[in-house]
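**Q** Would you mind keeping the following structure in view while I ask a few things?
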Amino acid sequence: MNIIIFGATGKTGLELVKQSLEQGHQVTALVRNPEKLTITNPNLIIEKGDLSHYDDIDRIIKARQYDAVFSALGAKTPFQRDPILTEATKNIIKAAQTHQINKFIHVSFIGVRKESSQLGALYKYIVPLAMKNLIADHREKEAFLASSGLDWISVQPPILTSGAKTGTYIHEPHINKGISSKKKLSRANLADFMIDQLNTSVYHQQGVFVTE
């Protein structure tokens with residue numbers, strides 16, 4: 001497939017680029033600083049652009065026919081609101097709508113759900129306070145997706161790690177208390193799950209909890 005990845009220089013984004021190329025996909029990465037993306041591959045196109053400028057996104061998306069969008073935009077800090085990323089998400093959604101890229105796979109956070117308190121004291125007491133701004137941003141971005149009409153999936157992992165890709169993880173639309181003992185997910189496994197969604201509509205227009 002021909003996919004475009006936003007947030008490609010972040011830790012999750014790099015995994016998406018690497019694994020997508022390994023699976024033979026054509027990949028375009030729109031980044032602010034191309035020098036930060038050191039992966040080289042004949043199937044990789046690196047485009048420079050500013051996600052806060054809709055024209056940059058529109059210019060690059062309309063240049064090719066894409067099958068899917070991956071959004072792995074990550075905040076610099078979980079403790080402050082990041083209106084630039086929220087605006088960027090709106091811009092990406094608008095461009096996907098305009099150029100009829102129906103599949104939109106987005107990285108969110110399980111803390112957006114009130115029932116995440118079922119995951120234990122960390123998510124019941126600490127995360128809602130310490131990460132309230134991050135959660136507010138993710139909820140706003142999910143609201144944009146929900147009203148977009150696209151075939152979107154909001155992937156809602158718990159705390160992310162730098163662990164290896166094992167291919168062993170749980171995914172479900174609802175939180176089942178006690179189903180996971182780790183309550184964490186490697187970015188490599190997150191990318192693996194996201195790429196798998198290219199060929200299925202199981203979670204069409206849904207949020208999905210993915211954990212190890």
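We label chains A, B, ... in the order they appear in the structure tokens, count residues from 1 in each chain, and number ligands from 1 in the order shown.
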Excluding A:Ile5 and any residue of its chain fewer than 5 positions from it, enumerate the residues within 10 Å of it, using only C-alpha atoms, and give them as an MDAnalysis selection string.
**A** chainID A and resid 13:14 16:17 20 27:31 46 68:73 105
**Q** For stretch 26-101 of chain A versus stretch 137-144 of chain A, which residues have an atom no more than 10 Å away, and what is each residue's nearest atom pair and distance in Å rounded to one decimal, using only C-alpha atoms, chain-then-number order, as JSON lines?
**A**
{"residue": "A:Ala75", "atom": "CA", "partner": "A:Asp137", "partner_atom": "CA", "distance": 9.3}
{"residue": "A:Pro78", "atom": "CA", "partner": "A:Asp137", "partner_atom": "CA", "distance": 9.6}
{"residue": "A:Gln80", "atom": "CA", "partner": "A:Asp137", "partner_atom": "CA", "distance": 9.2}
{"residue": "A:Arg81", "atom": "CA", "partner": "A:Asp137", "partner_atom": "CA", "distance": 6.4}
{"residue": "A:Asp82", "atom": "CA", "partner": "A:Asp137", "partner_atom": "CA", "distance": 7.0}
{"residue": "A:Pro83", "atom": "CA", "partner": "A:Asp137", "partner_atom": "CA", "distance": 7.7}
{"residue": "A:Leu85", "atom": "CA", "partner": "A:Asp137", "partner_atom": "CA", "distance": 8.3}
{"residue": "A:Thr86", "atom": "CA", "partner": "A:Lys141", "partner_atom": "CA", "distance": 6.1}
{"residue": "A:Glu87", "atom": "CA", "partner": "A:Lys141", "partner_atom": "CA", "distance": 8.7}
{"residue": "A:Ala88", "atom": "CA", "partner": "A:Lys141", "partner_atom": "CA", "distance": 9.5}
{"residue": "A:Thr89", "atom": "CA", "partner": "A:Lys141", "partner_atom": "CA", "distance": 6.6}
{"residue": "A:Lys90", "atom": "CA", "partner": "A:Phe144", "partner_atom": "CA", "distance": 6.7}
{"residue": "A:Ile93", "atom": "CA", "partner": "A:Phe144", "partner_atom": "CA", "distance": 7.9}
{"residue": "A:Lys94", "atom": "CA", "partner": "A:Phe144", "partner_atom": "CA", "distance": 9.8}
**Q** Pick the closest to A:Lys11 from A:Ile61, A:Ile175, A:Leu122, A:Ala188: which is it, counting only C-alpha atoms?
**A**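 That would be A:Ala188, the residue with the smallest distance to A:Lys11.
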**Q** Just the residues within 9 Å of A:Ala95, please, counting only C-alpha atoms, with nothing from its chain fewer than 4 positions along; format it as a ChimeraX atom specification.
**A** /A:54,57-58,61-62,90-91,99-101
**Q** Store the residues picked out above, limited to N, CA and C atoms, as a PDB file, in the first residue's frame.
**A**
ATOM      1  N   TYR A  54      -1.750  24.228   6.743  1.00  0.00           N
ATOM      2  CA  TYR A  54      -2.561  23.305   5.951  1.00  0.00           C
ATOM      3  C   TYR A  54      -2.035  23.169   4.532  1.00  0.00           C
ATOM      4  N   ILE A  57       0.532  20.391   4.092  1.00  0.00           N
ATOM      5  CA  ILE A  57      -0.058  19.052   4.109  1.00  0.00           C
ATOM      6  C   ILE A  57      -0.811  18.776   2.820  1.00  0.00           C
ATOM      7  N   ASP A  58      -1.602  19.732   2.392  1.00  0.00           N
ATOM      8  CA  ASP A  58      -2.398  19.580   1.177  1.00  0.00           C
ATOM      9  C   ASP A  58      -1.505  19.359  -0.048  1.00  0.00           C
ATOM     10  N   ILE A  61      -0.048  15.715   0.167  1.00  0.00           N
ATOM     11  CA  ILE A  61      -1.051  14.655   0.053  1.00  0.00           C
ATOM     12  C   ILE A  61      -1.637  14.575  -1.352  1.00  0.00           C
ATOM     13  N   LYS A  62      -1.840  15.720  -1.988  1.00  0.00           N
ATOM     14  CA  LYS A  62      -2.466  15.677  -3.314  1.00  0.00           C
ATOM     15  C   LYS A  62      -1.491  15.261  -4.417  1.00  0.00           C
ATOM     16  N   LYS A  90      -6.296  18.445  12.956  1.00  0.00           N
ATOM     17  CA  LYS A  90      -7.413  18.982  12.168  1.00  0.00           C
ATOM     18  C   LYS A  90      -7.000  19.141  10.705  1.00  0.00           C
ATOM     19  N   ASN A  91      -5.797  19.650  10.485  1.00  0.00           N
ATOM     20  CA  ASN A  91      -5.320  19.864   9.115  1.00  0.00           C
ATOM     21  C   ASN A  91      -5.162  18.548   8.361  1.00  0.00           C
ATOM     22  N   HIS A  99      -8.892  14.784  -0.205  1.00  0.00           N
ATOM     23  CA  HIS A  99      -8.259  13.944  -1.226  1.00  0.00           C
ATOM     24  C   HIS A  99      -8.658  12.475  -1.109  1.00  0.00           C
ATOM     25  N   GLN A 100      -9.719  12.223  -0.367  1.00  0.00           N
ATOM     26  CA  GLN A 100     -10.384  10.915  -0.315  1.00  0.00           C
ATOM     27  C   GLN A 100      -9.444   9.780   0.113  1.00  0.00           C
ATOM     28  N   ILE A 101      -8.673  10.054   1.163  1.00  0.00           N
ATOM     29  CA  ILE A 101      -7.906   8.980   1.804  1.00  0.00           C
ATOM     30  C   ILE A 101      -8.753   8.512   2.969  1.00  0.00           C
TER      31      ILE A 101
END
**Q** Kindly give the distance, in Å, that separates atom CA of A:Thr211 and atom CA of A:Gly163, rounded to a single decimal.
**A**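 Value for the atom CA of A:Thr211-atom CA of A:Gly163 distance: 12.6 Å.
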**Q** Find, counting only C-alpha atoms, the residue in A:Pro128, A:Leu44, A:Gln206, A:Asn199 that gets nearest to A:Ala146.
**A** A:Gln206
**Q** Within 12 Å of A:Val112, counting only C-alpha atoms, which residues show up once you throw out same-chain ones fewer than 4 positions away? Write them as a count of residues only, please.
**A** 29
**Q** Which one of A:Trp152, A:Phe6, A:Phe193, A:Tyr66 sits closest to A:Val210 if you count only C-alpha atoms?
**A**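 Answer, going by the shortest atom-to-atom distance: A:Phe193.
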**Q** Measuring between only C-alpha atoms, which one of A:Tyr203, A:Leu198, A:Leu160, A:Phe104 shows the shortest distance to A:Lys182?
**A** A:Leu160
**Q** Excluding A:Lys18 and its own-chain neighbours fewer than 3 positions away, which residues fall within 12 Å of it when counting only C-alpha atoms? Please give them as a ChimeraX atom specification.
**A** /A:5,8-9,11-15,21-29,37-41,43-44,165,187-188,191-192,195
**Q** Filtering to N, CA, C and O atoms, could you give me those residues as a compact mmCIF listing (two decimals), in the first residue's frame?
**A**
# COMPACT_ATOMS: atom_id res chain seq x y z
N ILE A 5 2.89 9.00 6.64
CA ILE A 5 3.05 8.96 8.09
C ILE A 5 3.36 10.35 8.61
O ILE A 5 4.29 11.01 8.13
N ALA A 8 6.73 11.03 11.94
CA ALA A 8 7.66 9.95 11.57
C ALA A 8 8.99 10.02 12.29
O ALA A 8 9.73 9.02 12.32
N THR A 9 9.35 11.15 12.86
CA THR A 9 10.64 11.23 13.56
C THR A 9 10.51 10.93 15.05
O THR A 9 11.51 10.90 15.76
N LYS A 11 9.39 8.37 18.33
CA LYS A 11 9.76 6.98 18.59
C LYS A 11 8.77 5.99 17.97
O LYS A 11 9.16 4.98 17.39
N THR A 12 7.48 6.29 18.08
CA THR A 12 6.48 5.42 17.44
C THR A 12 6.52 5.58 15.93
O THR A 12 6.43 4.60 15.19
N GLY A 13 6.65 6.81 15.48
CA GLY A 13 6.71 7.08 14.05
C GLY A 13 7.86 6.36 13.36
O GLY A 13 7.70 5.82 12.25
N LEU A 14 9.02 6.33 14.00
CA LEU A 14 10.17 5.63 13.42
C LEU A 14 9.88 4.13 13.28
O LEU A 14 10.27 3.51 12.29
N GLU A 15 9.20 3.57 14.28
CA GLU A 15 8.82 2.16 14.18
C GLU A 15 7.84 1.93 13.04
O GLU A 15 7.93 0.93 12.31
N LEU A 21 8.15 -0.28 5.78
CA LEU A 21 9.09 -0.55 4.69
C LEU A 21 9.47 -2.03 4.65
O LEU A 21 9.58 -2.63 3.58
N GLU A 22 9.65 -2.63 5.83
CA GLU A 22 9.98 -4.06 5.90
C GLU A 22 8.88 -4.91 5.27
O GLU A 22 9.17 -5.98 4.72
N GLN A 23 7.64 -4.42 5.36
CA GLN A 23 6.52 -5.17 4.79
C GLN A 23 6.25 -4.82 3.32
O GLN A 23 5.28 -5.31 2.73
N GLY A 24 7.08 -3.96 2.77
CA GLY A 24 6.99 -3.66 1.34
C GLY A 24 6.07 -2.52 0.96
O GLY A 24 5.77 -2.33 -0.22
N HIS A 25 5.60 -1.74 1.94
CA HIS A 25 4.73 -0.61 1.63
C HIS A 25 5.53 0.56 1.08
O HIS A 25 6.73 0.72 1.37
N GLN A 26 4.87 1.38 0.30
CA GLN A 26 5.42 2.66 -0.14
C GLN A 26 5.12 3.67 0.96
O GLN A 26 3.96 3.81 1.37
N VAL A 27 6.12 4.38 1.42
CA VAL A 27 5.97 5.25 2.58
C VAL A 27 6.41 6.67 2.26
O VAL A 27 7.49 6.89 1.71
N THR A 28 5.55 7.63 2.60
CA THR A 28 5.92 9.04 2.59
C THR A 28 5.90 9.54 4.02
O THR A 28 4.95 9.28 4.75
N ALA A 29 6.95 10.24 4.42
CA ALA A 29 7.02 10.83 5.75
C ALA A 29 7.08 12.34 5.60
O ALA A 29 7.99 12.87 4.95
N LEU A 37 15.38 12.09 10.14
CA LEU A 37 14.95 10.77 9.67
C LEU A 37 16.08 10.20 8.82
O LEU A 37 16.25 10.55 7.65
N THR A 38 16.85 9.31 9.43
CA THR A 38 18.07 8.81 8.79
C THR A 38 17.87 7.49 8.05
O THR A 38 18.81 6.95 7.49
N ILE A 39 16.65 6.97 8.06
CA ILE A 39 16.37 5.73 7.33
C ILE A 39 16.44 5.99 5.83
O ILE A 39 15.92 6.98 5.33
N THR A 40 17.11 5.11 5.11
CA THR A 40 17.16 5.21 3.65
C THR A 40 16.57 3.94 3.05
O THR A 40 16.88 2.82 3.49
N ASN A 41 15.73 4.12 2.05
CA ASN A 41 15.07 2.99 1.40
C ASN A 41 14.45 3.51 0.10
O ASN A 41 13.89 4.61 0.08
N ASN A 43 11.78 2.81 -1.21
CA ASN A 43 10.33 2.97 -1.07
C ASN A 43 9.94 4.08 -0.09
O ASN A 43 8.76 4.23 0.22
N LEU A 44 10.94 4.84 0.37
CA LEU A 44 10.67 5.92 1.32
C LEU A 44 10.88 7.28 0.68
O LEU A 44 11.94 7.56 0.11
N LYS A 165 9.67 -5.79 19.44
CA LYS A 165 8.45 -6.27 18.78
C LYS A 165 8.33 -7.77 19.03
O LYS A 165 9.19 -8.55 18.62
N ARG A 187 6.52 0.35 21.75
CA ARG A 187 6.21 1.11 20.53
C ARG A 187 6.31 0.22 19.30
O ARG A 187 5.60 0.42 18.31
N ALA A 188 7.19 -0.76 19.35
CA ALA A 188 7.33 -1.70 18.23
C ALA A 188 6.06 -2.52 18.05
O ALA A 188 5.60 -2.74 16.93
N ALA A 191 3.28 -0.22 16.65
CA ALA A 191 3.41 -0.05 15.20
C ALA A 191 2.93 -1.30 14.47
O ALA A 191 2.26 -1.21 13.44
N ASP A 192 3.26 -2.47 15.00
CA ASP A 192 2.84 -3.74 14.39
C ASP A 192 1.31 -3.81 14.31
O ASP A 192 0.75 -4.17 13.27
N ILE A 195 -0.11 -1.24 11.67
CA ILE A 195 0.08 -1.68 10.28
C ILE A 195 -0.89 -2.80 9.94
O ILE A 195 -1.42 -2.86 8.83
**Q** Can you list every residue in chain A that DSSP puts in strand (DSSP E), as a PyMOL selection string?
**A** chain A and resi 2-6+26-31+44-48+68-71+103-107+151-156+159-161+170-172+184-186+206-211
**Q** Calculated over only C-alpha atoms, which of the candidates A:Phe79, A:Gln65, A:Ile92, A:Gln197 has the smallest distance to A:Asp50?
**A**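 Closest candidate: A:Ile92.
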**Q** For A:Asp196, which residue out of A:Asn2, A:Asn176, A:Ser148, A:Gln19 is the nearest one, using only C-alpha atoms?
**A**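 Checking each of A:Asn2, A:Asn176, A:Ser148, A:Gln19 against A:Asp196, counting only C-alpha atoms, the winner is A:Gln19.
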**Q** One number please: atom CA of A:Gly178 to atom CA of A:Ala130, in Å, one decimal.
**A**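 Result for atom CA of A:Gly178 versus atom CA of A:Ala130: 23.3 Å, one decimal.
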**Q** Can you pull out every residue within 8 Å of A:Thr161, counting only C-alpha atoms, but drop anything in the same chain fewer than 6 positions away, and send it as number ranges by chain?
**A** A: 184-187
**Q** Residues of stretch 43-208 of chain A in helix (DSSP H, G or I) according to DSSP, as an NGL selection string?
**A** :A and (54-61 or 83-98 or 110-112 or 114-119 or 121-130 or 132-146 or 187-199)
